[in-house]
Amino acid sequence: MRFVLLGPPGAGKGTQAERLAKKYGIPHIATGDILRQSVKDRTKSGMLAKSYMDRGELVPDQILIGIIRDRLSSLDCSKGSILDGFPRTVTQADALSSILHRLNQKLDGAINLELPEEEVIARLSGRRVCRSCGTNYHTQFNPPKEGGKCDKCGGQLYQRDDDKEEAIQNRLKVYQRQTEPLIKYYKKEGLLISVDGAKEISTVFENLCEIVEGVKK
Ligand code: AMP
């Protein structure tokens, strides 16, 4: 079972992908997380990616395509995977299609989590992330039990640089210009499935499970 999750930043791709991966026992591949880890580890691609990420710009396609090619070729992805944050451009979508073709694998669907712009801004500006385990919180909608601390591991919560006001506006523009065309792209391929991302986390998850179960049959 192999899906990509589409949708604007803050639509809940990470949260939902993590849950799906856990329930169906397949890897959750989040390119944003992979890049943030590379920045933390000060690798060559991490150093190159950082300035793009801080500004809310997309990191060059070739870096991402290399990351995804390596990741999808690993053994644990042979049963399936949930891609979160990739592809984000038509070039990346074309590359994904040829990588999967070479691996003799195929996509079961591209799920678009729909969310209106005002909601995107409200969600991103309140998002806080655990520095240690990466769990997401929201100051208003999903606060931690103890202020500034992760419920799961006690790690410190922080606001991503790209969740700050100026970067959010830029990410929205980048999304509309470079990523939104993927909706048409996957519609044309007959793979697009739209889901209302504004509903409660658990309701969205139920909807996604129905879709996944439908494909498994
Ligand atoms: P995310 O955690 O998915 O919101 O990604 C955070 C940032 O990482 C994005 O704003 C981009 O700068 C970069 N990034 C993640 N995935 C990609 C991708 N597929 N293509 C280009 N840049 C990406």
# chains A, B, ... in the order shown; residues from 1 in each chain; ligands from 1
$ select_by_dssp --residues "segment 127-166 of chain A" --states "strand (DSSP E or B)" --output "list of chain:residue names"
A:Arg127, A:Arg128, A:Val129, A:Cys130, A:Asn136, A:Tyr137, A:His138, A:Asn142, A:Lys149, A:Gln156, A:Leu157, A:Tyr158
$ residues_around --residues "segment 3-9 of chain A" --least-positions-apart "5" --cutoff "10 Å" --atoms "only C-alpha atoms" --output "count of residues only"
48
$ closest_residue --among "A:Gln178, A:Asn207, A:Gln159, A:Ser125" --to "Val90 of chain A" --atoms "only C-alpha atoms"
A:Gln178
$ atom_distance --atom1 "atom CA of Lys23 of chain A" --atom2 "atom CA of Glu189 of chain A"
27.1 Å
$ atom_distance --atom1 "atom CA of Ile63 of chain A" --atom2 "atom CA of Asp94 of chain A"
14.7 Å
$ residues_around --residues "Val215 of chain A" --least-positions-apart "2" --cutoff "10 Å" --atoms "only C-alpha atoms" --output "PyMOL selection string"
chain A and resi 1-2+108-109+209-213+217
$ closest_residue --among "A:Leu208, A:Cys153, A:Leu35, A:Leu64" --to "Lys50 of chain A" --atoms "only C-alpha atoms"
A:Leu35
$ residues_around --residues "Glu146 of chain A" --least-positions-apart "6" --cutoff "12 Å" --atoms "only C-alpha atoms" --output "MDAnalysis selection string"
chainID A and resid 137 139 152:157
$ write_last_selection --atoms "N, CA and C atoms" --output "short mmCIF file (atom, residue, chain, number, x, y, z; two decimals), in the first residue's frame"
data_model
loop_
_atom_site.label_atom_id
_atom_site.label_comp_id
_atom_site.auth_asym_id
_atom_site.auth_seq_id
_atom_site.Cartn_x
_atom_site.Cartn_y
_atom_site.Cartn_z
N TYR A 137 2.63 19.84 18.52
CA TYR A 137 1.58 20.33 19.42
C TYR A 137 1.03 21.62 18.81
N THR A 139 -0.50 25.46 20.36
CA THR A 139 -0.71 26.25 21.60
C THR A 139 -2.18 26.27 22.00
N LYS A 152 5.31 13.19 25.53
CA LYS A 152 5.84 11.84 25.29
C LYS A 152 7.21 11.65 25.91
N CYS A 153 8.13 12.65 25.71
CA CYS A 153 9.52 12.40 26.13
C CYS A 153 10.07 13.49 27.04
N GLY A 154 9.28 14.51 27.33
CA GLY A 154 9.76 15.58 28.22
C GLY A 154 10.67 16.58 27.53
N GLY A 155 10.87 16.39 26.20
CA GLY A 155 11.75 17.29 25.44
C GLY A 155 11.20 18.71 25.39
N GLN A 156 12.08 19.64 25.00
CA GLN A 156 11.69 21.05 24.95
C GLN A 156 10.92 21.34 23.65
N LEU A 157 9.84 22.10 23.75
CA LEU A 157 9.08 22.45 22.54
C LEU A 157 9.60 23.77 21.97
#
$ residues_around --residues "Leu96 of chain A" --least-positions-apart "3" --cutoff "9 Å" --atoms "only C-alpha atoms" --output "list of chain:residue names"
A:Ile65, A:Ile68, A:Arg69, A:Phe86, A:Pro87, A:Thr91, A:Gln92, A:Ala93, A:Ile99, A:Leu100, A:His101
$ atom_distance --atom1 "atom 12 (O, counted along the ligand's line) of ligand 1" --atom2 "atom CA of Thr89 of chain A"
12.1 Å
$ closest_residue --among "A:Arg160, A:His28, A:Lys199, A:Lys44" --to "ligand 1" --atoms "only C-alpha atoms and all ligand atoms"
A:Arg160
$ closest_residue --among "A:Gly190, A:Gly126, A:Gly147, A:Gly56" --to "ligand 1" --atoms "only C-alpha atoms and all ligand atoms"
A:Gly56
$ decode --residues "segment 198-211 of chain A" --atoms "N, CA, C and O atoms" --output "mmCIF file, in the first residue's frame"
data_model
loop_
_atom_site.group_PDB
_atom_site.id
_atom_site.type_symbol
_atom_site.label_atom_id
_atom_site.label_comp_id
_atom_site.auth_asym_id
_atom_site.auth_seq_id
_atom_site.Cartn_x
_atom_site.Cartn_y
_atom_site.Cartn_z
ATOM 1 N N ALA A 198 -10.061 19.898 7.534
ATOM 2 C CA ALA A 198 -10.434 20.829 8.605
ATOM 3 C C ALA A 198 -11.159 20.115 9.748
ATOM 4 O O ALA A 198 -11.351 20.676 10.822
ATOM 5 N N LYS A 199 -11.538 18.864 9.518
ATOM 6 C CA LYS A 199 -12.253 18.122 10.575
ATOM 7 C C LYS A 199 -11.284 17.742 11.704
ATOM 8 O O LYS A 199 -10.094 17.914 11.604
ATOM 9 N N GLU A 200 -11.847 17.209 12.782
ATOM 10 C CA GLU A 200 -11.052 16.747 13.927
ATOM 11 C C GLU A 200 -10.003 15.725 13.467
ATOM 12 O O GLU A 200 -10.287 14.946 12.542
ATOM 13 N N ILE A 201 -8.872 15.693 14.146
ATOM 14 C CA ILE A 201 -7.791 14.759 13.779
ATOM 15 C C ILE A 201 -8.316 13.319 13.670
ATOM 16 O O ILE A 201 -8.036 12.608 12.713
ATOM 17 N N SER A 202 -9.145 12.915 14.657
ATOM 18 C CA SER A 202 -9.594 11.516 14.660
ATOM 19 C C SER A 202 -10.580 11.242 13.511
ATOM 20 O O SER A 202 -10.602 10.145 12.961
ATOM 21 N N THR A 203 -11.386 12.253 13.148
ATOM 22 C CA THR A 203 -12.339 12.065 12.040
ATOM 23 C C THR A 203 -11.589 11.952 10.716
ATOM 24 O O THR A 203 -11.893 11.093 9.880
ATOM 25 N N VAL A 204 -10.593 12.821 10.536
ATOM 26 C CA VAL A 204 -9.796 12.758 9.304
ATOM 27 C C VAL A 204 -9.129 11.377 9.234
ATOM 28 O O VAL A 204 -9.124 10.733 8.181
ATOM 29 N N PHE A 205 -8.616 10.919 10.366
ATOM 30 C CA PHE A 205 -7.935 9.619 10.385
ATOM 31 C C PHE A 205 -8.896 8.486 9.984
ATOM 32 O O PHE A 205 -8.539 7.620 9.178
ATOM 33 N N GLU A 206 -10.127 8.534 10.516
ATOM 34 C CA GLU A 206 -11.118 7.508 10.142
ATOM 35 C C GLU A 206 -11.363 7.531 8.628
ATOM 36 O O GLU A 206 -11.427 6.477 7.984
ATOM 37 N N ASN A 207 -11.505 8.755 8.079
ATOM 38 C CA ASN A 207 -11.729 8.867 6.628
ATOM 39 C C ASN A 207 -10.567 8.265 5.851
ATOM 40 O O ASN A 207 -10.754 7.559 4.863
ATOM 41 N N LEU A 208 -9.354 8.539 6.325
ATOM 42 C CA LEU A 208 -8.168 8.014 5.624
ATOM 43 C C LEU A 208 -8.114 6.492 5.710
ATOM 44 O O LEU A 208 -7.777 5.817 4.731
ATOM 45 N N CYS A 209 -8.480 5.958 6.870
ATOM 46 C CA CYS A 209 -8.439 4.497 7.026
ATOM 47 C C CYS A 209 -9.435 3.836 6.072
ATOM 48 O O CYS A 209 -9.147 2.791 5.486
ATOM 49 N N GLU A 210 -10.617 4.463 5.915
ATOM 50 C CA GLU A 210 -11.611 3.905 4.974
ATOM 51 C C GLU A 210 -11.026 3.844 3.560
ATOM 52 O O GLU A 210 -11.205 2.869 2.843
ATOM 53 N N ILE A 211 -10.315 4.915 3.197
ATOM 54 C CA ILE A 211 -9.720 4.965 1.851
ATOM 55 C C ILE A 211 -8.674 3.854 1.696
ATOM 56 O O ILE A 211 -8.665 3.097 0.730
#
